[in-house]
Amino acid sequence: MTIYTSAAGERQVRRWCQERLDAWSAPHQVHTLGTGLGPTTVVIAGRGPGVLLLPGTNFCAATLLEVADALLPSHQVIMADLPGQPGLSAPARPGRGHLAAYGGWAGEIVDQVSPGPVVLVGHSLGAAVALAAPPGPRISGLVLLSPAGLSRARLTPALLGATLPWLVAPTVGRSQALLRYMSGTAHRAADWLAEWMTLVARHSRTSLAPPPLPAPVVRRWAGTPAVVATGAEDRFYPPGWISGAARELLGCEVVTAPGLGHLAPHEDPALLPALLSRLPTTPG
């Protein structure tokens, strides 16, 4: 079943994404790949070590351009729109066992887009997708930002207070209120992001935070170089909320980004290059 509430709404979402990609100054290519979850749009820019960006719930390649700019020109940046999330990929959301389906899909993307090993970079839902993917020689490391998949999201009455008005009667002001909840206190979301979130709420059915992955699935990555990070002010996955699982399942201590919230990579695009520089190297 499509995530969009109408065909006209789907066209508006796709048009917004395409216009933003068309206006991006960085040279890039847009490809449509065939996958087990349907047609998938992938945006590729730059040259160098490969980084595959997997966005969080309600985000897509068109919302990651500032993040990608921070990685260019020293990396090849690959951004994939998740099927079943607003963007340019297939509109059907995987059903039961959706994280396993997304993991298989991520493996397909890795096999199709990069001639060499890539680092999987997942934000929120995208981190759970990365953890659900099959490890292998084509994946050289993991960077997990505000990661779902390690634990349940921390849900509070304040979250409901910000989310429900946005869902029931979306306006730019209500989108800004939700984005303030998702950001560190010193950061204000860009106007274009509030515009995007309003469009998403009006024309699509949002998904919930995914449950934790089974421990054996996460432990498959224990020998892979990995960095786990979250904002000090992340209200969904605060440092203390995920540190036990990160340490037990991945052998990682959580890197805390001062002053940042759940939207840390968008609040400070320089965060991701800094985290990639902390990625351990494998011997030999």
# chains A, B, ... in the order shown; residues from 1 in each chain; ligands from 1

call {"tool": "residues_around", "arguments": {"residues": "range 229-235 of chain A", "least_positions_apart": "6", "cutoff": "7 Å", "atoms": "only C-alpha atoms", "output": "tab-separated table (two decimals) with all heavy atoms, in the first residue's frame"}}
result
chain	number	residue	atom	x	y	z
A	144	LEU	N	26.81	5.23	12.87
A	144	LEU	CA	25.41	5.21	13.26
A	144	LEU	C	25.11	6.46	14.08
A	144	LEU	O	25.67	6.65	15.16
A	144	LEU	CB	25.10	3.95	14.07
A	144	LEU	CG	25.56	2.63	13.43
A	144	LEU	CD1	25.31	1.47	14.38
A	144	LEU	CD2	24.84	2.41	12.10
A	145	LEU	N	24.23	7.31	13.56
A	145	LEU	CA	23.90	8.59	14.20
A	145	LEU	C	22.50	8.53	14.79
A	145	LEU	O	21.54	8.19	14.08
A	145	LEU	CB	23.97	9.72	13.17
A	145	LEU	CG	25.34	9.99	12.54
A	145	LEU	CD1	25.19	10.88	11.33
A	145	LEU	CD2	26.25	10.64	13.55
A	146	SER	N	22.37	8.86	16.08
A	146	SER	CA	21.07	8.81	16.75
A	146	SER	C	20.34	7.53	16.36
A	146	SER	O	19.23	7.57	15.84
A	146	SER	CB	20.23	10.04	16.39
A	146	SER	OG	20.87	11.21	16.81
A	154	ARG	N	12.90	6.76	22.98
A	154	ARG	CA	12.38	7.31	24.22
A	154	ARG	C	11.18	8.21	23.87
A	154	ARG	O	11.34	9.28	23.28
A	154	ARG	CB	13.47	8.11	24.93
A	154	ARG	CG	13.07	8.70	26.26
A	154	ARG	CD	14.31	9.30	26.92
A	154	ARG	NE	13.99	9.95	28.18
A	154	ARG	CZ	13.76	11.26	28.31
A	154	ARG	NH1	13.82	12.05	27.24
A	154	ARG	NH2	13.49	11.76	29.50
A	182	MET	N	13.04	18.18	17.98
A	182	MET	CA	14.00	17.22	17.45
A	182	MET	C	15.43	17.77	17.41
A	182	MET	O	16.36	17.02	17.13
A	182	MET	CB	13.58	16.79	16.03
A	182	MET	CG	12.24	16.09	15.98
A	182	MET	SD	11.65	15.80	14.28
A	182	MET	CE	12.79	14.51	13.76
A	184	GLY	N	18.71	20.41	18.99
A	184	GLY	CA	19.29	20.98	20.20
A	184	GLY	C	18.74	22.37	20.44
A	184	GLY	O	18.28	23.05	19.51
A	254	VAL	N	29.60	5.32	23.06
A	254	VAL	CA	28.84	6.31	22.31
A	254	VAL	C	29.55	7.66	22.32
A	254	VAL	O	29.96	8.16	23.38
A	254	VAL	CB	27.42	6.46	22.90
A	254	VAL	CG1	26.67	7.62	22.25
A	254	VAL	CG2	26.64	5.16	22.71
A	255	VAL	N	29.72	8.24	21.14
A	255	VAL	CA	30.26	9.59	21.00
A	255	VAL	C	29.11	10.58	21.19
A	255	VAL	O	28.08	10.48	20.50
A	255	VAL	CB	30.91	9.79	19.63
A	255	VAL	CG1	31.42	11.23	19.47
A	255	VAL	CG2	32.03	8.79	19.42
A	256	THR	N	29.26	11.51	22.10
A	256	THR	CA	28.22	12.49	22.38
A	256	THR	C	28.56	13.82	21.71
A	256	THR	O	29.66	14.34	21.90
A	256	THR	CB	28.06	12.69	23.89
A	256	THR	OG1	27.70	11.44	24.49
A	256	THR	CG2	26.96	13.71	24.19
A	257	ALA	N	27.62	14.34	20.93
A	257	ALA	CA	27.82	15.61	20.23
A	257	ALA	C	27.21	16.74	21.06
A	257	ALA	O	25.98	16.84	21.14
A	257	ALA	CB	27.19	15.55	18.85
A	258	PRO	N	28.02	17.58	21.69
A	258	PRO	CA	27.49	18.62	22.58
A	258	PRO	C	26.56	19.59	21.84
A	258	PRO	O	26.82	19.99	20.70
A	258	PRO	CB	28.74	19.35	23.06
A	258	PRO	CG	29.86	18.38	22.84
A	258	PRO	CD	29.48	17.60	21.62
A	259	GLY	N	25.46	19.93	22.49
A	259	GLY	CA	24.57	20.95	21.97
A	259	GLY	C	23.65	20.53	20.85
A	259	GLY	O	22.83	21.32	20.39
A	260	LEU	N	23.77	19.28	20.40
A	260	LEU	CA	22.98	18.83	19.25
A	260	LEU	C	21.86	17.90	19.71
A	260	LEU	O	21.95	17.25	20.74
A	260	LEU	CB	23.87	18.13	18.23
A	260	LEU	CG	25.04	18.94	17.67
A	260	LEU	CD1	25.80	18.14	16.63
A	260	LEU	CD2	24.55	20.27	17.08
A	261	GLY	N	20.81	17.83	18.89
A	261	GLY	CA	19.68	16.99	19.19
A	261	GLY	C	19.58	15.80	18.24
A	261	GLY	O	20.59	15.33	17.70
A	262	HIS	N	18.35	15.35	18.01
A	262	HIS	CA	18.14	14.18	17.17
A	262	HIS	C	18.50	14.46	15.71
A	262	HIS	O	18.85	13.54	14.98
A	262	HIS	CB	16.69	13.72	17.26
A	262	HIS	CG	16.42	12.43	16.55
A	262	HIS	ND1	16.98	11.23	16.94
A	262	HIS	CD2	15.67	12.15	15.44
A	262	HIS	CE1	16.59	10.27	16.13
A	262	HIS	NE2	15.80	10.80	15.20
A	264	ALA	N	21.07	15.90	14.61
A	264	ALA	CA	22.47	16.32	14.69
A	264	ALA	C	23.17	16.48	13.34
A	264	ALA	O	23.84	17.49	13.11
A	264	ALA	CB	23.25	15.35	15.59

call {"tool": "residues_around", "arguments": {"residues": "Leu272 in chain A", "least_positions_apart": "2", "cutoff": "8 Å", "atoms": "only C-alpha atoms", "output": "ChimeraX atom specification"}}
result
/A:67,70-71,265,269-270,274-276

call {"tool": "residues_around", "arguments": {"residues": "Thr41 in chain A", "least_positions_apart": "5", "cutoff": "8 Å", "atoms": "only C-alpha atoms", "output": "ChimeraX atom specification"}}
result
/A:30-33,80-81,88-89

call {"tool": "write_last_selection", "arguments": {"atoms": "N, CA, C and O atoms", "output": "compact mmCIF listing (two decimals), in the first residue's frame"}}
result
# COMPACT_ATOMS: atom_id res chain seq x y z
N VAL A 30 21.65 11.12 -10.83
CA VAL A 30 20.49 10.48 -10.21
C VAL A 30 20.18 9.21 -10.97
O VAL A 30 20.02 9.23 -12.20
N HIS A 31 20.12 8.10 -10.25
CA HIS A 31 19.88 6.80 -10.87
C HIS A 31 18.65 6.15 -10.24
O HIS A 31 18.36 6.35 -9.06
N THR A 32 17.95 5.36 -11.02
CA THR A 32 16.85 4.54 -10.51
C THR A 32 17.28 3.08 -10.61
O THR A 32 17.57 2.58 -11.71
N LEU A 33 17.34 2.41 -9.47
CA LEU A 33 17.79 1.02 -9.40
C LEU A 33 16.61 0.10 -9.15
O LEU A 33 15.69 0.45 -8.40
N ALA A 80 20.58 7.24 -0.79
CA ALA A 80 19.51 6.37 -1.26
C ALA A 80 18.20 6.72 -0.57
O ALA A 80 18.14 6.77 0.67
N ASP A 81 17.15 6.98 -1.35
CA ASP A 81 15.82 7.19 -0.78
C ASP A 81 15.23 5.84 -0.39
O ASP A 81 15.14 4.92 -1.21
N LEU A 88 11.76 9.87 -3.64
CA LEU A 88 11.65 9.50 -5.05
C LEU A 88 11.66 8.00 -5.30
O LEU A 88 11.60 7.57 -6.44
N SER A 89 11.73 7.20 -4.23
CA SER A 89 11.72 5.74 -4.41
C SER A 89 10.29 5.22 -4.38
O SER A 89 9.32 5.97 -4.26

call {"tool": "closest_residue", "arguments": {"among": "A:Ser204, A:Ala226, A:Leu263, A:Glu66", "to": "Arg278 in chain A", "atoms": "only C-alpha atoms"}}
result
A:Ala226

call {"tool": "residues_around", "arguments": {"residues": "Thr40 in chain A", "least_positions_apart": "5", "cutoff": "12 Å", "atoms": "only C-alpha atoms", "output": "ChimeraX atom specification"}}
result
/A:30-35,60-61,79-92,102,105-106,108-109,112-113

call {"tool": "select_by_dssp", "arguments": {"residues": "range 55-196 of chain A", "states": "helix (DSSP H, G or I)", "output": "mmCIF file with C-alpha atoms, in the first residue's frame"}}
result
data_model
loop_
_atom_site.group_PDB
_atom_site.id
_atom_site.type_symbol
_atom_site.label_atom_id
_atom_site.label_comp_id
_atom_site.auth_asym_id
_atom_site.auth_seq_id
_atom_site.Cartn_x
_atom_site.Cartn_y
_atom_site.Cartn_z
ATOM 1 C CA ALA A 61 18.374 12.426 -0.467
ATOM 2 C CA ALA A 62 16.873 15.840 -1.227
ATOM 3 C CA THR A 63 17.028 16.674 2.506
ATOM 4 C CA LEU A 65 22.368 17.907 0.465
ATOM 5 C CA GLU A 66 24.035 20.033 3.156
ATOM 6 C CA VAL A 67 25.257 16.835 4.818
ATOM 7 C CA ALA A 68 26.647 15.644 1.483
ATOM 8 C CA ASP A 69 28.318 19.014 0.815
ATOM 9 C CA ALA A 70 30.327 18.598 4.024
ATOM 10 C CA LEU A 71 31.748 15.325 2.658
ATOM 11 C CA HIS A 98 10.254 -4.548 7.545
ATOM 12 C CA LEU A 99 13.729 -4.056 9.027
ATOM 13 C CA ALA A 100 14.888 -7.383 7.604
ATOM 14 C CA ALA A 101 13.459 -6.342 4.233
ATOM 15 C CA TYR A 102 15.227 -2.989 4.449
ATOM 16 C CA GLY A 103 18.468 -4.734 5.385
ATOM 17 C CA GLY A 104 18.294 -6.899 2.270
ATOM 18 C CA TRP A 105 17.506 -3.804 0.230
ATOM 19 C CA ALA A 106 20.576 -1.984 1.622
ATOM 20 C CA GLY A 107 22.727 -4.953 0.614
ATOM 21 C CA GLU A 108 21.342 -4.696 -2.919
ATOM 22 C CA ILE A 109 22.202 -0.996 -3.074
ATOM 23 C CA VAL A 110 25.781 -1.635 -1.924
ATOM 24 C CA ASP A 111 26.210 -4.311 -4.591
ATOM 25 C CA GLN A 112 24.883 -2.065 -7.365
ATOM 26 C CA VAL A 113 26.352 1.370 -6.773
ATOM 27 C CA LEU A 125 15.780 4.698 10.970
ATOM 28 C CA GLY A 126 18.672 4.604 8.486
ATOM 29 C CA ALA A 127 20.961 3.315 11.251
ATOM 30 C CA ALA A 128 18.574 0.414 11.922
ATOM 31 C CA VAL A 129 18.557 -0.314 8.190
ATOM 32 C CA ALA A 130 22.369 -0.352 8.182
ATOM 33 C CA LEU A 131 22.454 -2.753 11.138
ATOM 34 C CA ALA A 132 19.932 -5.024 9.416
ATOM 35 C CA PRO A 157 4.302 13.374 26.525
ATOM 36 C CA ALA A 158 6.275 16.313 25.108
ATOM 37 C CA LEU A 159 6.845 14.329 21.923
ATOM 38 C CA LEU A 160 3.115 13.684 21.567
ATOM 39 C CA GLY A 161 2.479 17.369 22.214
ATOM 40 C CA ALA A 162 4.739 18.309 19.309
ATOM 41 C CA THR A 163 3.749 15.482 16.954
ATOM 42 C CA LEU A 164 -0.040 15.240 17.152
ATOM 43 C CA PRO A 165 -0.841 18.821 16.051
ATOM 44 C CA TRP A 166 1.657 18.423 13.193
ATOM 45 C CA LEU A 167 -0.084 15.245 12.039
ATOM 46 C CA VAL A 168 -3.684 16.375 12.514
ATOM 47 C CA VAL A 172 4.745 25.435 8.807
ATOM 48 C CA GLY A 173 4.524 26.702 12.395
ATOM 49 C CA ARG A 174 3.660 23.256 13.715
ATOM 50 C CA SER A 175 6.448 21.737 11.652
ATOM 51 C CA GLN A 176 8.863 24.227 13.199
ATOM 52 C CA ALA A 177 7.621 23.246 16.671
ATOM 53 C CA LEU A 178 8.269 19.568 15.942
ATOM 54 C CA LEU A 179 11.692 20.353 14.498
ATOM 55 C CA ARG A 180 12.541 22.378 17.619
ATOM 56 C CA TYR A 181 11.739 19.292 19.697
ATOM 57 C CA MET A 182 14.003 17.221 17.446
ATOM 58 C CA ASP A 191 12.796 27.196 6.578
ATOM 59 C CA TRP A 192 13.073 24.702 3.723
ATOM 60 C CA LEU A 193 13.065 21.811 6.204
ATOM 61 C CA ALA A 194 9.877 23.087 7.856
ATOM 62 C CA GLU A 195 8.355 23.367 4.380
ATOM 63 C CA TRP A 196 9.340 19.753 3.689
#

call {"tool": "atom_distance", "arguments": {"atom1": "CA of Ile78 in chain A", "atom2": "CA of Pro55 in chain A"}}
result
11.2 Å

call {"tool": "atom_distance", "arguments": {"atom1": "CA of Arg188 in chain A", "atom2": "CA of Glu267 in chain A"}}
result
8.1 Å

call {"tool": "select_by_dssp", "arguments": {"residues": "range 196-254 of chain A", "states": "strand (DSSP E or B)", "output": "VMD selection string"}}
result
chain A and resid 204 226 to 231 254

call {"tool": "write_last_selection", "arguments": {"atoms": "C-alpha atoms", "output": "PDB file, in the first residue's frame"}}
result
ATOM      1  CA  SER A 204       1.910  10.932   3.442  1.00  0.00           C
ATOM      2  CA  ALA A 226      32.081   1.309  13.822  1.00  0.00           C
ATOM      3  CA  VAL A 227      31.250   4.636  15.414  1.00  0.00           C
ATOM      4  CA  VAL A 228      28.012   5.223  17.301  1.00  0.00           C
ATOM      5  CA  ALA A 229      27.064   8.827  18.047  1.00  0.00           C
ATOM      6  CA  THR A 230      24.123  10.844  19.261  1.00  0.00           C
ATOM      7  CA  GLY A 231      23.383  14.415  20.245  1.00  0.00           C
ATOM      8  CA  VAL A 254      28.837   6.315  22.310  1.00  0.00           C
TER       9      VAL A 254
END

call {"tool": "residues_around", "arguments": {"residues": "Trp241 in chain A", "least_positions_apart": "4", "cutoff": "10 Å", "atoms": "only C-alpha atoms", "output": "list in words"}}
result
Leu150, Ser151, Arg152, Ala153, Arg154, Asp234, Arg235, Phe236, Tyr237, Ala245 and Ala246 of chain A

call {"tool": "write_last_selection", "arguments": {"atoms": "N, CA and C atoms", "output": "compact mmCIF listing (two decimals), in the first residue's frame"}}
result
# COMPACT_ATOMS: atom_id res chain seq x y z
N LEU A 150 19.11 -0.17 18.07
CA LEU A 150 19.80 -0.64 19.27
C LEU A 150 18.87 -0.70 20.47
N SER A 151 17.92 0.23 20.53
CA SER A 151 16.97 0.27 21.65
C SER A 151 15.69 0.92 21.15
N ARG A 152 14.66 0.85 21.95
CA ARG A 152 13.43 1.57 21.61
C ARG A 152 13.66 3.06 21.75
N ALA A 153 12.92 3.83 20.96
CA ALA A 153 12.99 5.28 21.10
C ALA A 153 12.38 5.69 22.43
N ARG A 154 12.90 6.76 22.98
CA ARG A 154 12.38 7.31 24.22
C ARG A 154 11.18 8.21 23.87
N ASP A 234 19.63 14.85 22.30
CA ASP A 234 18.71 13.99 21.54
C ASP A 234 17.63 13.46 22.48
N ARG A 235 16.38 13.77 22.20
CA ARG A 235 15.30 13.35 23.08
C ARG A 235 14.76 11.96 22.73
N PHE A 236 15.15 11.43 21.57
CA PHE A 236 14.70 10.10 21.17
C PHE A 236 15.71 9.02 21.59
N TYR A 237 16.97 9.28 21.32
CA TYR A 237 18.04 8.32 21.62
C TYR A 237 19.16 9.05 22.36
N ALA A 245 23.55 -0.82 25.02
CA ALA A 245 23.42 -1.69 23.85
C ALA A 245 24.60 -1.53 22.90
N ALA A 246 25.07 -0.29 22.71
CA ALA A 246 26.21 -0.07 21.82
C ALA A 246 27.45 -0.77 22.34

call {"tool": "residues_around", "arguments": {"residues": "Thr224 in chain A", "least_positions_apart": "5", "cutoff": "10 Å", "atoms": "only C-alpha atoms", "output": "PyMOL selection string"}}
result
chain A and resi 135-137+139-142+219+250-251+279-282

call {"tool": "write_last_selection", "arguments": {"atoms": "C-alpha atoms", "output": "PDB file, in the first residue's frame"}}
result
ATOM      1  CA  PRO A 135      27.931  -7.623   6.658  1.00  0.00           C
ATOM      2  CA  GLY A 136      30.493  -8.353   3.984  1.00  0.00           C
ATOM      3  CA  PRO A 137      33.718  -7.233   2.333  1.00  0.00           C
ATOM      4  CA  ILE A 139      31.092  -2.670   3.661  1.00  0.00           C
ATOM      5  CA  SER A 140      34.205  -1.274   5.356  1.00  0.00           C
ATOM      6  CA  GLY A 141      32.579   0.374   8.365  1.00  0.00           C
ATOM      7  CA  LEU A 142      29.495   1.745  10.093  1.00  0.00           C
ATOM      8  CA  ARG A 219      26.309  -8.687  16.909  1.00  0.00           C
ATOM      9  CA  LEU A 250      29.020  -3.561  19.026  1.00  0.00           C
ATOM     10  CA  GLY A 251      31.847  -2.965  21.494  1.00  0.00           C
ATOM     11  CA  LEU A 279      36.361   5.277  12.389  1.00  0.00           C
ATOM     12  CA  PRO A 280      38.837   2.586  13.503  1.00  0.00           C
ATOM     13  CA  THR A 281      40.968   1.041  10.799  1.00  0.00           C
ATOM     14  CA  THR A 282      41.256  -2.699  10.468  1.00  0.00           C
TER      15      THR A 282
END

call {"tool": "closest_residue", "arguments": {"among": "A:Leu271, A:Ala148, A:Leu120, A:Ile3", "to": "Pro225 in chain A", "atoms": "only C-alpha atoms"}}
result
A:Leu120

call {"tool": "closest_residue", "arguments": {"among": "A:Gly95, A:Arg15, A:Ala133, A:Leu54", "to": "Val217 in chain A", "atoms": "only C-alpha atoms"}}
result
A:Ala133

call {"tool": "atom_distance", "arguments": {"atom1": "CA of Leu53 in chain A", "atom2": "CA of Val121 in chain A"}}
result
4.9 Å

call {"tool": "closest_residue", "arguments": {"among": "A:Ser25, A:Pro39, A:Gly149, A:Thr57", "to": "Thr206 in chain A", "atoms": "only C-alpha atoms"}}
result
A:Thr57

call {"tool": "residues_around", "arguments": {"residues": "His203 in chain A", "least_positions_apart": "2", "cutoff": "7 Å", "atoms": "only C-alpha atoms", "output": "VMD selection string"}}
result
chain A and resid 4 to 6 9 to 10 199 to 201

call {"tool": "closest_residue", "arguments": {"among": "A:Val218, A:Met197, A:Val77, A:Met1", "to": "Val13 in chain A", "atoms": "only C-alpha atoms"}}
result
A:Met197

call {"tool": "decode", "arguments": {"residues": "range 161-172 of chain A", "atoms": "all heavy atoms", "output": "mmCIF file, in the first residue's frame"}}
result
data_model
loop_
_atom_site.group_PDB
_atom_site.id
_atom_site.type_symbol
_atom_site.label_atom_id
_atom_site.label_comp_id
_atom_site.auth_asym_id
_atom_site.auth_seq_id
_atom_site.Cartn_x
_atom_site.Cartn_y
_atom_site.Cartn_z
ATOM 1 N N GLY A 161 2.936 15.991 22.309
ATOM 2 C CA GLY A 161 2.479 17.369 22.214
ATOM 3 C C GLY A 161 2.994 18.085 20.985
ATOM 4 O O GLY A 161 2.328 18.981 20.450
ATOM 5 N N ALA A 162 4.177 17.700 20.515
ATOM 6 C CA ALA A 162 4.739 18.309 19.309
ATOM 7 C C ALA A 162 4.271 17.599 18.045
ATOM 8 O O ALA A 162 4.119 18.226 16.987
ATOM 9 C CB ALA A 162 6.262 18.292 19.376
ATOM 10 N N THR A 163 4.036 16.281 18.141
ATOM 11 C CA THR A 163 3.749 15.482 16.954
ATOM 12 C C THR A 163 2.286 15.517 16.546
ATOM 13 O O THR A 163 1.962 15.646 15.350
ATOM 14 C CB THR A 163 4.182 14.024 17.183
ATOM 15 O OG1 THR A 163 5.573 13.992 17.508
ATOM 16 C CG2 THR A 163 3.954 13.187 15.939
ATOM 17 N N LEU A 164 1.374 15.371 17.503
ATOM 18 C CA LEU A 164 -0.040 15.240 17.152
ATOM 19 C C LEU A 164 -0.595 16.450 16.396
ATOM 20 O O LEU A 164 -1.263 16.279 15.367
ATOM 21 C CB LEU A 164 -0.866 14.930 18.398
ATOM 22 C CG LEU A 164 -0.653 13.534 18.995
ATOM 23 C CD1 LEU A 164 -1.521 13.342 20.233
ATOM 24 C CD2 LEU A 164 -0.957 12.447 17.966
ATOM 25 N N PRO A 165 -0.342 17.684 16.843
ATOM 26 C CA PRO A 165 -0.841 18.821 16.051
ATOM 27 C C PRO A 165 -0.258 18.848 14.637
ATOM 28 O O PRO A 165 -0.949 19.224 13.686
ATOM 29 C CB PRO A 165 -0.390 20.042 16.864
ATOM 30 C CG PRO A 165 -0.203 19.525 18.255
ATOM 31 C CD PRO A 165 0.299 18.125 18.099
ATOM 32 N N TRP A 166 1.006 18.468 14.510
ATOM 33 C CA TRP A 166 1.657 18.423 13.193
ATOM 34 C C TRP A 166 0.975 17.409 12.288
ATOM 35 O O TRP A 166 0.773 17.658 11.091
ATOM 36 C CB TRP A 166 3.137 18.096 13.390
ATOM 37 C CG TRP A 166 3.897 17.775 12.144
ATOM 38 C CD1 TRP A 166 4.291 18.649 11.172
ATOM 39 C CD2 TRP A 166 4.369 16.481 11.733
ATOM 40 N NE1 TRP A 166 4.983 17.982 10.177
ATOM 41 C CE2 TRP A 166 5.044 16.650 10.508
ATOM 42 C CE3 TRP A 166 4.294 15.203 12.297
ATOM 43 C CZ2 TRP A 166 5.625 15.595 9.827
ATOM 44 C CZ3 TRP A 166 4.881 14.147 11.628
ATOM 45 C CH2 TRP A 166 5.536 14.340 10.404
ATOM 46 N N LEU A 167 0.571 16.275 12.837
ATOM 47 C CA LEU A 167 -0.084 15.245 12.039
ATOM 48 C C LEU A 167 -1.529 15.611 11.699
ATOM 49 O O LEU A 167 -1.990 15.400 10.579
ATOM 50 C CB LEU A 167 -0.062 13.912 12.783
ATOM 51 C CG LEU A 167 1.277 13.179 12.869
ATOM 52 C CD1 LEU A 167 1.153 11.970 13.783
ATOM 53 C CD2 LEU A 167 1.736 12.745 11.479
ATOM 54 N N VAL A 168 -2.249 16.146 12.680
ATOM 55 C CA VAL A 168 -3.684 16.375 12.514
ATOM 56 C C VAL A 168 -3.965 17.577 11.607
ATOM 57 O O VAL A 168 -4.851 17.530 10.747
ATOM 58 C CB VAL A 168 -4.345 16.570 13.898
ATOM 59 C CG1 VAL A 168 -5.796 17.012 13.745
ATOM 60 C CG2 VAL A 168 -4.266 15.279 14.696
ATOM 61 N N ALA A 169 -3.233 18.659 11.788
ATOM 62 C CA ALA A 169 -3.462 19.873 10.997
ATOM 63 C C ALA A 169 -2.128 20.537 10.714
ATOM 64 O O ALA A 169 -1.761 21.536 11.345
ATOM 65 C CB ALA A 169 -4.401 20.828 11.739
ATOM 66 N N PRO A 170 -1.357 19.973 9.785
ATOM 67 C CA PRO A 170 0.009 20.460 9.572
ATOM 68 C C PRO A 170 0.060 21.879 9.030
ATOM 69 O O PRO A 170 -0.668 22.242 8.106
ATOM 70 C CB PRO A 170 0.586 19.451 8.565
ATOM 71 C CG PRO A 170 -0.596 18.805 7.923
ATOM 72 C CD PRO A 170 -1.695 18.817 8.936
ATOM 73 N N THR A 171 0.925 22.674 9.647
ATOM 74 C CA THR A 171 1.267 24.011 9.171
ATOM 75 C C THR A 171 2.771 24.170 9.308
ATOM 76 O O THR A 171 3.431 23.380 10.009
ATOM 77 C CB THR A 171 0.577 25.106 10.005
ATOM 78 O OG1 THR A 171 1.087 25.042 11.356
ATOM 79 C CG2 THR A 171 -0.945 24.937 10.009
ATOM 80 N N VAL A 172 3.312 25.186 8.680
ATOM 81 C CA VAL A 172 4.745 25.435 8.807
ATOM 82 C C VAL A 172 5.105 25.699 10.267
ATOM 83 O O VAL A 172 6.140 25.232 10.770
ATOM 84 C CB VAL A 172 5.171 26.604 7.905
ATOM 85 C CG1 VAL A 172 6.608 27.029 8.202
ATOM 86 C CG2 VAL A 172 5.045 26.211 6.431
#
